[in-house]
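Structure data follow from start.txt (compact mmCIF, C-alpha atoms):
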# COMPACT_ATOMS: atom_id res chain seq x y z
CA MET A 21 0.36 20.82 -35.56
CA SER A 22 -3.35 21.55 -35.55
CA SER A 23 -6.01 19.28 -36.97
CA GLU A 24 -6.52 21.62 -39.95
CA GLY A 25 -4.52 20.41 -42.92
CA ALA A 26 -3.00 17.55 -40.94
CA LYS A 27 -3.70 13.87 -40.68
CA GLU A 28 -6.44 13.41 -38.09
CA ASP A 29 -4.82 10.46 -36.36
CA CYS A 30 -6.46 10.72 -32.93
CA LEU A 31 -10.03 9.87 -32.02
CA GLY A 32 -11.55 11.59 -29.01
CA TRP A 33 -14.74 12.91 -27.52
CA ALA A 34 -15.09 16.68 -27.43
CA ALA A 35 -17.48 19.41 -26.35
CA ARG A 36 -18.28 21.85 -29.17
CA ASP A 37 -19.97 24.57 -27.10
CA PRO A 38 -20.83 25.55 -23.48
CA SER A 39 -23.61 22.96 -23.32
CA GLY A 40 -20.70 20.64 -22.54
CA ARG A 41 -22.25 17.84 -24.57
CA LEU A 42 -19.52 15.43 -25.69
CA SER A 43 -19.45 13.60 -29.02
CA PRO A 44 -16.84 11.87 -31.21
CA TYR A 45 -14.14 14.10 -32.66
CA LYS A 46 -11.11 13.41 -34.84
CA PHE A 47 -7.98 15.53 -34.51
CA SER A 48 -4.20 15.32 -34.79
CA ARG A 49 -1.53 14.97 -32.14
CA ARG A 50 1.90 16.47 -32.66
CA THR A 51 4.70 14.41 -34.15
CA VAL A 52 6.75 12.63 -31.48
CA GLY A 53 9.76 14.81 -30.63
CA SER A 54 13.11 13.68 -29.28
CA ASP A 55 11.97 14.03 -25.63
CA ASP A 56 8.40 12.88 -26.17
CA VAL A 57 6.49 9.76 -25.23
CA SER A 58 3.50 8.63 -27.30
CA ILE A 59 0.95 6.84 -25.14
CA ARG A 60 -1.93 4.61 -26.17
CA ILE A 61 -4.55 5.59 -23.61
CA THR A 62 -6.30 2.72 -21.85
CA HIS A 63 -8.17 4.62 -19.12
CA CYS A 64 -9.05 8.17 -18.12
CA GLY A 65 -10.59 9.31 -14.85
CA VAL A 66 -13.50 11.76 -14.78
CA CYS A 67 -12.86 14.89 -12.71
CA TYR A 68 -15.13 17.85 -11.89
CA ALA A 69 -12.68 19.92 -13.96
CA ASP A 70 -14.11 18.10 -16.98
CA VAL A 71 -17.53 19.55 -16.11
CA ALA A 72 -16.19 23.04 -15.44
CA TRP A 73 -14.15 23.34 -18.63
CA THR A 74 -16.56 21.69 -21.06
CA ARG A 75 -19.31 24.04 -19.80
CA ASN A 76 -17.07 27.14 -19.89
CA MET A 77 -17.59 27.93 -16.21
CA SER A 78 -14.46 30.09 -16.13
CA GLY A 79 -15.26 31.84 -19.40
CA THR A 80 -12.03 30.80 -21.13
CA SER A 81 -12.85 27.44 -22.74
CA LYS A 82 -11.72 26.93 -26.33
CA TYR A 83 -13.82 24.62 -28.48
CA PRO A 84 -13.69 21.87 -29.61
CA LEU A 85 -12.54 20.85 -26.12
CA VAL A 86 -11.31 17.34 -25.28
CA PRO A 87 -11.27 16.97 -21.47
CA GLY A 88 -9.53 14.45 -19.19
CA HIS A 89 -6.43 14.77 -17.00
CA GLU A 90 -6.29 11.45 -15.17
CA ILE A 91 -4.67 9.54 -18.01
CA VAL A 92 -3.22 6.04 -17.95
CA GLY A 93 -1.89 4.05 -20.86
CA ILE A 94 0.89 2.10 -22.52
CA VAL A 95 3.92 3.60 -24.23
CA LYS A 96 3.76 2.96 -27.96
CA GLN A 97 6.67 5.16 -29.13
CA VAL A 98 9.52 7.14 -27.56
CA GLY A 99 11.71 9.93 -28.88
CA SER A 100 15.41 9.45 -29.49
CA SER A 101 16.45 11.24 -26.28
CA VAL A 102 13.95 9.61 -23.91
CA GLN A 103 15.71 7.91 -21.00
CA ARG A 104 13.02 6.97 -18.49
CA PHE A 105 10.54 5.01 -20.59
CA LYS A 106 10.44 2.32 -23.24
CA VAL A 107 7.76 0.88 -25.49
CA GLY A 108 5.32 -1.23 -23.47
CA ASP A 109 5.73 0.62 -20.16
CA HIS A 110 2.64 1.51 -18.15
CA VAL A 111 2.53 5.28 -17.66
CA GLY A 112 0.30 8.04 -16.37
CA VAL A 113 -0.21 11.71 -17.24
CA GLY A 114 -1.82 14.14 -14.83
CA THR A 115 -3.07 17.71 -14.83
CA TYR A 116 -0.21 19.38 -16.73
CA VAL A 117 1.97 18.53 -19.72
CA ASN A 118 4.53 21.31 -19.91
CA SER A 119 6.39 23.99 -17.94
CA CYS A 120 9.44 26.20 -18.42
CA ARG A 121 11.81 23.61 -16.90
CA GLU A 122 14.10 26.45 -15.74
CA CYS A 123 12.46 28.28 -12.81
CA GLU A 124 12.92 27.56 -9.11
CA TYR A 125 9.68 25.59 -8.99
CA CYS A 126 10.59 23.39 -11.93
CA ASN A 127 14.06 22.86 -10.45
CA ASP A 128 12.45 21.69 -7.21
CA GLY A 129 10.04 19.29 -8.93
CA LEU A 130 7.11 21.64 -8.26
CA GLU A 131 6.21 22.23 -11.89
CA VAL A 132 2.55 22.73 -11.03
CA HIS A 133 3.54 26.17 -9.65
CA CYS A 134 5.55 27.24 -12.71
CA GLU A 135 4.23 30.45 -14.28
CA LYS A 136 4.46 28.77 -17.70
CA MET A 137 2.83 25.50 -16.64
CA VAL A 138 0.55 24.14 -19.39
CA LEU A 139 -2.59 22.24 -18.38
CA THR A 140 -3.34 18.91 -20.02
CA PHE A 141 -6.37 20.26 -21.85
CA ASP A 142 -7.66 23.62 -23.06
CA ARG A 143 -4.40 25.52 -22.74
CA ILE A 144 -2.02 26.94 -25.35
CA ASP A 145 1.12 24.82 -25.51
CA THR A 146 4.54 26.17 -26.44
CA ASP A 147 4.01 25.24 -30.09
CA GLY A 148 0.83 27.33 -30.23
CA THR A 149 -1.62 24.43 -30.30
CA VAL A 150 -4.44 23.92 -27.82
CA THR A 151 -3.88 20.93 -25.53
CA LYS A 152 -6.41 18.12 -25.67
CA GLY A 153 -6.93 15.65 -22.85
CA GLY A 154 -7.43 11.99 -22.16
CA TYR A 155 -10.91 11.37 -23.55
CA SER A 156 -8.96 10.22 -26.60
CA SER A 157 -7.11 7.31 -28.16
CA HIS A 158 -3.56 8.51 -27.57
CA ILE A 159 -1.49 11.46 -26.36
CA VAL A 160 2.05 12.75 -26.94
CA VAL A 161 3.77 14.19 -23.86
CA HIS A 162 7.31 15.25 -22.90
CA GLU A 163 8.75 12.46 -20.76
CA ARG A 164 9.19 14.79 -17.76
CA TYR A 165 5.42 14.92 -17.27
CA CYS A 166 4.86 11.16 -17.52
CA PHE A 167 4.76 8.89 -14.49
CA ARG A 168 5.70 5.26 -14.22
CA ILE A 169 2.80 3.03 -13.16
CA PRO A 170 4.13 -0.15 -11.50
CA GLU A 171 3.21 -3.27 -13.45
CA ASN A 172 1.37 -4.72 -10.46
CA TYR A 173 -0.97 -1.74 -10.10
CA PRO A 174 -4.26 -2.07 -12.03
CA MET A 175 -4.38 0.56 -14.74
CA ASP A 176 -8.03 1.51 -14.23
CA LEU A 177 -7.38 2.13 -10.52
CA ALA A 178 -4.27 4.20 -11.29
CA ALA A 179 -6.18 6.88 -13.21
CA PRO A 180 -7.74 8.74 -10.23
CA LEU A 181 -4.34 9.00 -8.55
CA LEU A 182 -3.25 11.53 -11.19
CA CYS A 183 -5.59 14.26 -9.91
CA ALA A 184 -7.79 13.17 -6.99
CA GLY A 185 -4.99 11.26 -5.29
CA ILE A 186 -2.18 13.78 -5.68
CA THR A 187 -4.46 16.71 -4.75
CA VAL A 188 -4.90 15.39 -1.21
CA TYR A 189 -1.52 13.67 -0.91
CA THR A 190 0.46 16.88 -1.55
CA PRO A 191 -0.83 18.96 1.41
CA MET A 192 -0.67 15.95 3.72
CA ILE A 193 3.01 15.42 2.94
CA ARG A 194 3.79 19.13 2.99
CA HIS A 195 2.35 19.44 6.51
CA LYS A 196 3.90 16.19 7.75
CA MET A 197 0.59 14.39 8.06
CA ASN A 198 2.26 11.06 7.34
CA GLN A 199 3.30 10.53 10.96
CA PRO A 200 1.42 7.75 12.79
CA GLY A 201 -0.76 8.83 15.69
CA LYS A 202 -1.70 12.27 14.36
CA SER A 203 -5.36 13.17 13.90
CA LEU A 204 -6.88 14.00 10.52
CA GLY A 205 -10.26 15.48 9.64
CA VAL A 206 -11.76 15.11 6.16
CA ILE A 207 -14.52 17.38 4.87
CA GLY A 208 -16.30 15.98 1.83
CA LEU A 209 -16.45 12.32 0.88
CA GLY A 210 -16.15 12.37 -2.89
CA GLY A 211 -13.30 11.54 -5.25
CA LEU A 212 -10.80 13.61 -3.28
CA GLY A 213 -12.15 13.00 0.22
CA HIS A 214 -12.23 9.22 -0.02
CA MET A 215 -8.56 9.24 -1.08
CA ALA A 216 -7.69 11.46 1.90
CA VAL A 217 -9.27 8.87 4.19
CA LYS A 218 -7.30 6.08 2.51
CA PHE A 219 -3.99 7.95 2.79
CA GLY A 220 -4.77 8.83 6.39
CA LYS A 221 -5.30 5.20 7.34
CA ALA A 222 -2.20 4.12 5.40
CA PHE A 223 -0.16 6.69 7.36
CA GLY A 224 -1.50 5.44 10.70
CA LEU A 225 -3.60 8.53 11.43
CA LYS A 226 -6.79 8.78 13.45
CA VAL A 227 -9.31 9.81 10.79
CA THR A 228 -12.55 11.72 11.36
CA VAL A 229 -14.97 12.27 8.47
CA PHE A 230 -17.27 15.30 8.55
CA SER A 231 -20.57 15.36 6.72
CA THR A 232 -23.96 17.06 6.93
CA SER A 233 -25.65 13.78 6.00
CA ILE A 234 -26.02 10.79 8.33
CA SER A 235 -26.33 8.63 5.20
CA LYS A 236 -22.54 8.92 4.75
CA LYS A 237 -21.79 7.36 8.13
CA GLU A 238 -21.83 3.71 7.08
CA GLU A 239 -19.61 4.22 4.05
CA ALA A 240 -17.17 6.42 5.99
CA LEU A 241 -16.72 3.95 8.83
CA SER A 242 -17.31 0.54 7.26
CA LEU A 243 -16.37 0.97 3.60
CA LEU A 244 -13.45 3.39 3.95
CA GLY A 245 -12.32 2.56 7.48
CA ALA A 246 -12.49 6.00 9.10
CA ASP A 247 -12.25 6.02 12.90
CA HIS A 248 -14.95 8.60 13.61
CA PHE A 249 -17.89 10.23 11.87
CA VAL A 250 -19.26 13.64 12.85
CA ILE A 251 -22.35 15.50 11.62
CA SER A 252 -20.81 18.93 11.14
CA SER A 253 -24.15 20.73 11.48
CA ASP A 254 -24.69 19.17 14.93
CA VAL A 255 -23.37 21.73 17.43
CA GLU A 256 -23.08 19.21 20.24
CA GLN A 257 -21.11 16.71 18.14
CA MET A 258 -18.71 19.47 17.09
CA LYS A 259 -18.29 20.67 20.67
CA ALA A 260 -17.46 17.13 21.74
CA ILE A 261 -14.35 17.10 19.55
CA ALA A 262 -13.24 20.70 20.13
CA LYS A 263 -9.48 21.27 19.75
CA SER A 264 -8.80 17.59 18.98
CA LEU A 265 -7.47 17.49 15.39
CA ASP A 266 -4.00 18.25 14.06
CA PHE A 267 -5.09 18.77 10.47
CA ILE A 268 -8.26 19.09 8.39
CA ILE A 269 -8.36 18.71 4.62
CA ASP A 270 -11.37 20.40 3.05
CA THR A 271 -12.37 18.80 -0.26
CA ALA A 272 -15.92 20.19 -0.35
CA ALA A 273 -17.08 21.93 -3.51
CA GLY A 274 -19.99 23.89 -2.05
CA ASN A 275 -19.90 26.89 0.28
CA HIS A 276 -20.10 26.13 3.97
CA PRO A 277 -19.24 27.76 7.33
CA PHE A 278 -15.60 27.55 8.37
CA ASP A 279 -15.56 28.67 12.00
CA PRO A 280 -17.04 25.38 13.31
CA TYR A 281 -14.21 23.44 11.66
CA MET A 282 -11.57 25.84 12.96
CA SER A 283 -12.86 25.17 16.48
CA VAL A 284 -11.99 21.47 16.29
CA LEU A 285 -8.34 22.11 15.40
CA LYS A 286 -5.71 21.89 18.11
CA THR A 287 -3.48 24.84 18.92
CA GLY A 288 -1.26 25.19 15.88
CA GLY A 289 -3.64 23.09 13.79
CA ILE A 290 -3.95 23.47 10.02
CA LEU A 291 -6.94 23.64 7.69
CA ALA A 292 -5.90 22.80 4.10
CA LEU A 293 -8.19 23.86 1.28
CA VAL A 294 -8.28 21.80 -1.90
CA GLY A 295 -11.95 22.31 -2.76
CA SER A 296 -13.62 25.34 -4.32
CA SER A 297 -15.59 26.86 -1.46
CA GLU A 298 -15.81 30.57 -0.73
CA VAL A 299 -13.84 31.06 2.47
CA LYS A 300 -15.27 33.15 5.30
CA PHE A 301 -14.25 32.91 8.95
CA SER A 302 -13.53 35.08 11.95
CA PRO A 303 -9.89 36.14 12.39
CA ALA A 304 -10.26 35.05 16.02
CA SER A 305 -10.59 31.46 14.78
CA LEU A 306 -6.95 31.71 13.72
CA ASN A 307 -5.50 34.10 16.25
CA HIS A 308 -6.57 32.47 19.51
CA HIS A 309 -4.89 29.14 18.87
CA MET A 310 -2.22 29.90 16.26
CA ARG A 311 -4.18 28.06 13.60
CA THR A 312 -3.31 28.19 9.91
CA VAL A 313 -5.31 28.06 6.69
CA SER A 314 -3.34 26.63 3.76
CA GLY A 315 -4.09 26.14 0.08
CA SER A 316 -2.86 23.50 -2.33
CA LEU A 317 -3.08 22.53 -5.99
CA THR A 318 -2.34 19.07 -7.37
CA GLY A 319 1.37 18.29 -7.06
CA GLY A 320 4.79 18.33 -8.69
CA THR A 321 6.39 15.47 -10.57
CA LYS A 322 8.46 14.34 -7.59
CA ASP A 323 5.50 14.03 -5.20
CA THR A 324 3.31 12.44 -7.87
CA GLN A 325 5.72 9.60 -8.58
CA GLU A 326 6.28 9.06 -4.84
CA MET A 327 2.51 8.85 -4.31
CA ILE A 328 2.04 6.33 -7.11
CA ASP A 329 4.86 4.17 -5.74
CA LEU A 330 3.37 4.35 -2.23
CA CYS A 331 -0.04 3.28 -3.50
CA ALA A 332 1.49 0.31 -5.28
CA ALA A 333 3.62 -0.71 -2.28
CA GLN A 334 0.78 -0.43 0.25
CA LYS A 335 -2.05 -1.47 -2.08
CA ILE A 336 -3.93 1.80 -1.71
CA TYR A 337 -6.70 1.70 -4.32
CA PRO A 338 -9.40 4.28 -5.13
CA ASN A 339 -13.01 3.13 -5.33
CA ILE A 340 -14.13 3.50 -8.93
CA GLU A 341 -16.98 2.90 -11.36
CA VAL A 342 -15.68 1.91 -14.79
CA ILE A 343 -17.73 3.23 -17.71
CA PRO A 344 -17.58 3.21 -21.53
CA ILE A 345 -16.84 6.46 -23.37
CA ASP A 346 -20.39 6.70 -24.67
CA TYR A 347 -21.59 7.02 -21.06
CA ALA A 348 -19.41 10.10 -20.49
CA ASN A 349 -22.25 12.63 -20.75
CA GLU A 350 -24.35 10.75 -18.22
CA ALA A 351 -21.32 10.41 -15.97
CA LEU A 352 -20.75 14.17 -15.95
CA GLU A 353 -24.41 14.72 -15.04
CA ARG A 354 -24.12 12.20 -12.22
CA LEU A 355 -20.90 13.81 -11.06
CA ILE A 356 -22.71 17.15 -10.71
CA LYS A 357 -25.28 15.37 -8.53
CA ARG A 358 -22.46 13.67 -6.56
CA ASP A 359 -23.90 10.33 -7.63
CA VAL A 360 -20.69 8.29 -7.80
CA LYS A 361 -18.63 6.24 -5.36
CA TYR A 362 -16.14 7.68 -5.78
CA ARG A 363 -14.58 8.21 -9.22
CA PHE A 364 -15.71 7.41 -12.72
CA VAL A 365 -13.00 5.91 -14.93
CA ILE A 366 -13.53 5.65 -18.67
CA ASP A 367 -12.42 2.39 -20.28
CA ILE A 368 -10.90 4.07 -23.32
CA GLU A 369 -9.18 0.94 -24.61
CA ASN A 370 -12.32 -1.15 -24.94
CA SER A 371 -14.94 1.47 -25.77
CA LEU A 372 -13.41 4.25 -27.88
CA LYS A 373 -13.77 3.00 -31.45

Take the structure in this file and express it as structure tokens.
Amino acid sequence: MSSEGAKEDCLGWAARDPSGRLSPYKFSRRTVGSDDVSIRITHCGVCYADVAWTRNMSGTSKYPLVPGHEIVGIVKQVGSSVQRFKVGDHVGVGTYVNSCRECEYCNDGLEVHCEKMVLTFDRIDTDGTVTKGGYSSHIVVHERYCFRIPENYPMDLAAPLLCAGITVYTPMIRHKMNQPGKSLGVIGLGGLGHMAVKFGKAFGLKVTVFSTSISKKEEALSLLGADHFVISSDVEQMKAIAKSLDFIIDTAAGNHPFDPYMSVLKTGGILALVGSSEVKFSPASLNHHMRTVSGSLTGGTKDTQEMIDLCAAQKIYPNIEVIPIDYANEALERLIKRDVKYRFVIDIENSLK
């Protein structure tokens, strides 16, 4: 049901126009169906998608818009047919909340590639309503798109796993970059990049961080534990590691040259793109050494649950800054300026009143 003519039982923060400015907003969630889980949200991570959609950067935003797709909370109600969850369970919800559940991708646990996949916010769901995200007090989601958060994993730290974590985990697993001894390069040291470094070290990889700023060196090596740090704009430093890496994951948001990075890949090496850069490179960068450029979205339900369980088992934790909901506008401004190490997480439980 929509908020018009219905009980406005959910409190959130929404953008009303392309200024992206967020403010309190009351609306209704759908009634819990037989396969649904109702979740009291405790935390929600802040992703650049929240900036892009609230400010209508793609030209398709529907207002009022409640962002947030790194959602963690506690089950408060389950439908009569729900099998996987019970009241009191810790759960997460990521970047999508529905799909056709019939196609080859859904059947393989790759729902993120389903043609009828419904994003967690600002998309038309199957009942005709517009989805609203995790900057809110609770959410109702089909159990298929909910993930179990182990009881021993801190709920605030779990939030960034639902987008930032799975976005880098998926291509690493797909390209078998979980084999000790392989060499990984990471471009960009933000919310996504810092998780790529953490997964790389957990998998026993030799990790090199690329940056154009020497100021990132200390945090890359000392804080995050990378093995090497390279100034990508330094021709001599790049030459020194030519043809040395098995895999590079590019998390950078801004445009940058690609040929220098291609040159540091081994024969048969792979460059995986998860950022939003415009891609330009010489075909020779691929042809001469059988290199591959690969793209990736977030991840399917199977990979997401496996990633969460891995993080709990190996104590892989994102670096976060916890904020109250009324700091959300400032957080989005800081995110644009890349002024966060490395993910904002909104304390919904204690600040959304």

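The interatomic distance for the pair atom CA of A:Lys221 and atom CA of A:Glu298 works out to 28.6 Å.
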
Show which residues sit within 6 Å of stretch 339-341 of chain A, as number ranges by chain. Count all atoms listed in the file, and ignore same-chain residues fewer than 5 positions away.
-> A: 362-364

Out of A:Gly210, A:Pro87, A:Gly53, A:Gly40, which residue has the shortest atom-to-atom distance to A:Leu355 when counting all atoms listed in the file?
-> A:Gly210

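Omitting A:Val365 and its sequence neighbours fewer than 5 positions away, and counting only C-alpha atoms, the residues within 8 Å are His63, Cys64, Gly65, Val66, Asp176, Ala179, Pro180, Ile340, Glu341, Val342 and Ile343 of chain A.
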
Surrounding residues of A:Tyr45 excluding itself and chain neighbours under 2 positions, 6 Å, all atoms listed in the file, as a PDB file with C-alpha atoms, in the coordinates of the input:
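Contents of around00.pdb, freshly written:
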ATOM      1  CA  LEU A  31     -10.030   9.870 -32.020  1.00  0.00           C
ATOM      2  CA  GLY A  32     -11.550  11.590 -29.010  1.00  0.00           C
ATOM      3  CA  TRP A  33     -14.740  12.910 -27.520  1.00  0.00           C
ATOM      4  CA  ALA A  34     -15.090  16.680 -27.430  1.00  0.00           C
TER       5      ALA A  34
END

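Of note, atom CA of A:Val255 and atom CA of A:Met197 are spaced 26.8 Å apart.
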
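Among the candidates A:Val102, A:Ala72, A:Ile366, A:Met327, the one nearest to A:Ile193 when counting only C-alpha atoms is A:Met327.
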
Excluding stretch 272-276 of chain A and any residue of its chain fewer than 2 positions from it, enumerate the residues within 6 Å of it, using all atoms listed in the file, and give them as a PyMOL selection string.
-> chain A and resi 208+270+295-298

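The closest residue to A:Tyr189, picked from A:Ile356, A:Ala216, A:Ala260, A:Ala333 and counting all atoms listed in the file, is A:Ala216.
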
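Here the question is which of A:Phe230, A:Phe167, A:Tyr281, A:Phe223 gets nearest to A:Glu326 using only C-alpha atoms, and that residue is A:Phe167.
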
To one decimal in Å, tell me the separation between atom CA of A:Val217 and atom CA of A:Val188.
-> 9.5 Å

Selection near A:Gly289, 9 Å with all atoms listed in the file, sequence-local residues under 6 positions removed, as a ChimeraX atom specification | /A:263,265-268,282,309-313

Padding 4 Å on every side, please: axis-aligned box over the listed atoms of stretch 132-142 of chain A, centre and edge lengths to one decimal in Å, as AutoDock Vina command-line options.
--center_x -1.1 --center_y 24.7 --center_z -16.4 --size_x 21.2 --size_y 19.5 --size_z 21.4

Please tell me which residues are no farther than 8 Å from (3.3, 16.5, -12.7) in the file, counting all atoms listed in the file, and write them as a VMD selection string.
-> chain A and resid 113 to 117 130 to 132 164 to 167 319 to 322 324

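In terms of minimum interatomic distance to A:Val161, A:Val57 ranks closest within A:Val250, A:Cys120, A:Val57, A:Val206, counting only C-alpha atoms.
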
Find the residues with any atom within 6 Å of (-8.7, 13.9, -35.7); use only C-alpha atoms and the coordinates as given in the file, and write the answer as a compact mmCIF listing (two decimals) with C-alpha atoms, keeping the file's coordinate frame.
# COMPACT_ATOMS: atom_id res chain seq x y z
CA GLU A 28 -6.44 13.41 -38.09
CA ASP A 29 -4.82 10.46 -36.36
CA CYS A 30 -6.46 10.72 -32.93
CA LEU A 31 -10.03 9.87 -32.02
CA LYS A 46 -11.11 13.41 -34.84
CA PHE A 47 -7.98 15.53 -34.51
CA SER A 48 -4.20 15.32 -34.79

Counting only C-alpha atoms, which of A:Arg36, A:Arg60, A:Lys152, A:Arg41 gets nearest to A:Tyr347?
-> A:Arg41

Closest contacts (stretch 125-189 of chain A/stretch 314-318 of chain A, max 9 Å, only C-alpha atoms) as a tab-separated table:
residue	atom	partner	partner_atom	distance
A:Val132	CA	A:Thr318	CA	7.1
A:His133	CA	A:Leu317	CA	8.4
A:Leu182	CA	A:Thr318	CA	8.5
A:Cys183	CA	A:Thr318	CA	6.3
A:Ala184	CA	A:Thr318	CA	8.0
A:Gly185	CA	A:Thr318	CA	8.5
A:Ile186	CA	A:Thr318	CA	5.6
A:Thr187	CA	A:Thr318	CA	4.1
A:Val188	CA	A:Thr318	CA	7.6
A:Tyr189	CA	A:Thr318	CA	8.5
